[in-house]
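Take a look at the structure below.
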Amino acid sequence: MTDDTQASTGHDLIADYLTRLDGSPGVYRMLDRESRVLYVGKAKSLKNRVASYARPQGHSPRISRMIGETASMMFLTTKTETEALLLEQNLIKQLKPKYNVLLRDDKSFPNILVSREHGFPQIKKHRGAKTEKGKYYGPFASAGAVNRTLNQLQRFFLLRDCSDSQFDTRTRPCLQYQIKRCCAPCVGYVTAEDYALLVRDAERFLGGKSTHIQAELAQEMQTASENMEFERAAALRDRIKAMTQVQTAQGINPQSV
């Protein structure tokens, strides 16, 4: 949603948006007079983040230049900070804003990697050159946010985070299985086909295409129950519950800002 104000550019214009923002998490875009995107950022609280730009002092020269060029802003609210994080990195990839240049170019920022070096793909944080076979999602500006996202992905999709050598030598499920953050493919508790479906859902989530995942899981749970596959139905129920608790179905809040 775009919102034009009467102010021209800079701090006063940004301050004018504060009256229409609340504490929701989301993603914001700063645009110049030609409606070119200068910067894409995410915030746990949009109101608090925008308030920091409205202050006339305390900014680095780079941020001060960006504020001075800002002629309008756009906002998308999300249900959680994790969702905002994924949306932010997807928009940066698409729009390539000039003030996000460090995040786009610096290989020291972390990515999330779904590694394909093994028949049962591993999910993990990755830095540096992308030499390992697999799908990379990012880069992300915050290592802490990546760690939180990985924790949630493990709760939702039960993918392994152990190394290949650990996987190949295990004879019993590890603690991750006990706390319901892995489906224990290392000891054959899930088939390669079912694990591939979990990987597919995780990649859809990371790619911002996961709007219907919970609905699909609910249908699978119903089918499993009707077929008297009660263990499978219970596992699907637990996954749906975990996703519902943190509300990260990758949907954008339709409420206007």
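We label chains A, B, ... in the order they appear in the structure tokens, count residues from 1 in each chain, and number ligands from 1 in the order shown.
Omitting Ser165 of chain A and its sequence neighbours fewer than 2 positions away, and counting only C-alpha atoms, the residues within 12 Å are Glu117, His118, Gln122, Asp161, Cys162, Ser163, Phe167, Asp168, Thr169, Arg170 and Cys186 of chain A.
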Just the residues within 12 Å of Ala202 of chain A, please, counting only C-alpha atoms, with nothing from its chain fewer than 6 positions along; format it as an mmCIF file with N, CA and C atoms, in the first residue's frame.
data_model
loop_
_atom_site.group_PDB
_atom_site.id
_atom_site.type_symbol
_atom_site.label_atom_id
_atom_site.label_comp_id
_atom_site.auth_asym_id
_atom_site.auth_seq_id
_atom_site.Cartn_x
_atom_site.Cartn_y
_atom_site.Cartn_z
ATOM 1 N N ILE A 112 19.935 -19.363 4.462
ATOM 2 C CA ILE A 112 19.410 -20.667 4.866
ATOM 3 C C ILE A 112 19.616 -21.600 3.684
ATOM 4 N N LEU A 113 20.223 -22.740 3.949
ATOM 5 C CA LEU A 113 20.536 -23.709 2.899
ATOM 6 C C LEU A 113 19.761 -25.006 3.136
ATOM 7 N N VAL A 114 19.064 -25.452 2.097
ATOM 8 C CA VAL A 114 18.518 -26.803 2.073
ATOM 9 C C VAL A 114 19.497 -27.619 1.228
ATOM 10 N N PRO A 121 17.855 -34.442 2.559
ATOM 11 C CA PRO A 121 18.426 -33.093 2.651
ATOM 12 C C PRO A 121 18.452 -32.542 4.077
ATOM 13 N N GLN A 122 19.494 -31.787 4.342
ATOM 14 C CA GLN A 122 19.712 -31.133 5.630
ATOM 15 C C GLN A 122 19.371 -29.651 5.498
ATOM 16 N N ILE A 123 18.821 -29.044 6.562
ATOM 17 C CA ILE A 123 18.557 -27.611 6.568
ATOM 18 C C ILE A 123 19.475 -26.951 7.590
ATOM 19 N N LYS A 135 19.596 -25.593 -2.325
ATOM 20 C CA LYS A 135 18.883 -24.339 -2.554
ATOM 21 C C LYS A 135 19.209 -23.366 -1.429
ATOM 22 N N TYR A 137 18.509 -19.635 0.447
ATOM 23 C CA TYR A 137 17.499 -18.610 0.669
ATOM 24 C C TYR A 137 18.136 -17.494 1.491
ATOM 25 N N THR A 149 14.240 -18.519 12.662
ATOM 26 C CA THR A 149 13.510 -19.083 11.534
ATOM 27 C C THR A 149 13.818 -20.571 11.385
ATOM 28 N N LEU A 150 15.080 -20.948 11.526
ATOM 29 C CA LEU A 150 15.453 -22.356 11.440
ATOM 30 C C LEU A 150 14.772 -23.176 12.535
ATOM 31 N N GLN A 152 11.918 -22.570 13.918
ATOM 32 C CA GLN A 152 10.511 -22.725 13.565
ATOM 33 C C GLN A 152 10.335 -23.706 12.407
ATOM 34 N N LEU A 153 11.237 -23.647 11.427
ATOM 35 C CA LEU A 153 11.157 -24.579 10.309
ATOM 36 C C LEU A 153 11.284 -26.028 10.785
ATOM 37 N N GLN A 154 12.151 -26.243 11.765
ATOM 38 C CA GLN A 154 12.298 -27.600 12.293
ATOM 39 C C GLN A 154 11.033 -28.055 13.011
ATOM 40 N N ARG A 155 10.368 -27.157 13.688
ATOM 41 C CA ARG A 155 9.112 -27.499 14.348
ATOM 42 C C ARG A 155 8.029 -27.817 13.332
ATOM 43 N N PHE A 156 7.987 -27.069 12.245
ATOM 44 C CA PHE A 156 6.941 -27.242 11.246
ATOM 45 C C PHE A 156 7.180 -28.453 10.354
ATOM 46 N N PHE A 157 8.424 -28.601 9.879
ATOM 47 C CA PHE A 157 8.695 -29.547 8.803
ATOM 48 C C PHE A 157 9.580 -30.718 9.210
ATOM 49 N N LEU A 158 10.119 -30.690 10.428
ATOM 50 C CA LEU A 158 10.814 -31.845 11.004
ATOM 51 C C LEU A 158 12.029 -32.292 10.186
ATOM 52 N N LEU A 159 12.720 -31.324 9.582
ATOM 53 C CA LEU A 159 13.899 -31.657 8.781
ATOM 54 C C LEU A 159 15.138 -31.767 9.663
ATOM 55 N N ARG A 160 16.054 -32.599 9.261
ATOM 56 C CA ARG A 160 17.256 -32.824 10.060
ATOM 57 C C ARG A 160 18.222 -31.646 9.934
ATOM 58 N N TYR A 195 9.776 -37.863 3.358
ATOM 59 C CA TYR A 195 10.736 -36.816 3.722
ATOM 60 C C TYR A 195 10.843 -35.784 2.607
ATOM 61 N N ALA A 196 10.798 -36.243 1.354
ATOM 62 C CA ALA A 196 10.862 -35.320 0.213
ATOM 63 C C ALA A 196 9.679 -34.356 0.228
ATOM 64 N N GLY A 208 8.109 -18.138 0.000
ATOM 65 C CA GLY A 208 6.943 -17.275 0.094
ATOM 66 C C GLY A 208 5.713 -17.827 -0.607
ATOM 67 N N LYS A 209 5.646 -19.147 -0.782
ATOM 68 C CA LYS A 209 4.528 -19.743 -1.499
ATOM 69 C C LYS A 209 3.770 -20.736 -0.620
ATOM 70 N N SER A 210 3.644 -20.412 0.650
ATOM 71 C CA SER A 210 3.125 -21.395 1.594
ATOM 72 C C SER A 210 1.736 -21.064 2.126
ATOM 73 N N ILE A 213 -0.368 -24.241 2.946
ATOM 74 C CA ILE A 213 0.248 -25.408 3.578
ATOM 75 C C ILE A 213 -0.605 -25.944 4.729
ATOM 76 N N ALA A 249 2.072 -18.556 8.433
ATOM 77 C CA ALA A 249 1.617 -19.193 7.195
ATOM 78 C C ALA A 249 1.931 -18.345 5.978
ATOM 79 N N GLN A 250 2.788 -17.333 6.143
ATOM 80 C CA GLN A 250 3.268 -16.506 5.042
ATOM 81 C C GLN A 250 2.157 -15.725 4.356
#
> Which value, in Å to one decimal, gives the distance between atom CA of Asp194 of chain A and atom CA of Val146 of chain A?
Replying inline: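 So the two atoms, atom CA of Asp194 of chain A and atom CA of Val146 of chain A, lie 25.5 Å apart.
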> So which residues touch Met221 of chain A within 12 Å, counting only C-alpha atoms, skipping near sequence neighbours fewer than 4 positions away, as an MDAnalysis selection string?
Replying inline: chainID A and resid 214:217 225:241
> What lies within 10 Å of Asp32 of chain A using only C-alpha atoms, ignoring chain neighbours under 5 positions off, as a VMD selection string?
Replying inline: chain A and resid 9 37 to 39 66 to 73
Atoms kept (C-alpha atoms) for selection, written as an mmCIF file, in the first residue's frame:
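After the write, selection09.cif holds the following:
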data_model
loop_
_atom_site.group_PDB
_atom_site.id
_atom_site.type_symbol
_atom_site.label_atom_id
_atom_site.label_comp_id
_atom_site.auth_asym_id
_atom_site.auth_seq_id
_atom_site.Cartn_x
_atom_site.Cartn_y
_atom_site.Cartn_z
ATOM 1 C CA THR A 9 11.151 14.522 1.693
ATOM 2 C CA VAL A 37 12.739 1.963 -4.171
ATOM 3 C CA LEU A 38 15.654 3.232 -2.090
ATOM 4 C CA TYR A 39 15.523 0.691 0.726
ATOM 5 C CA MET A 66 18.622 7.837 2.386
ATOM 6 C CA ILE A 67 16.236 9.728 4.661
ATOM 7 C CA GLY A 68 16.881 12.936 2.729
ATOM 8 C CA GLU A 69 15.950 11.210 -0.546
ATOM 9 C CA THR A 70 12.785 9.568 0.815
ATOM 10 C CA ALA A 71 9.649 11.064 -0.741
ATOM 11 C CA SER A 72 7.152 8.321 0.152
ATOM 12 C CA MET A 73 6.928 4.983 1.944
#
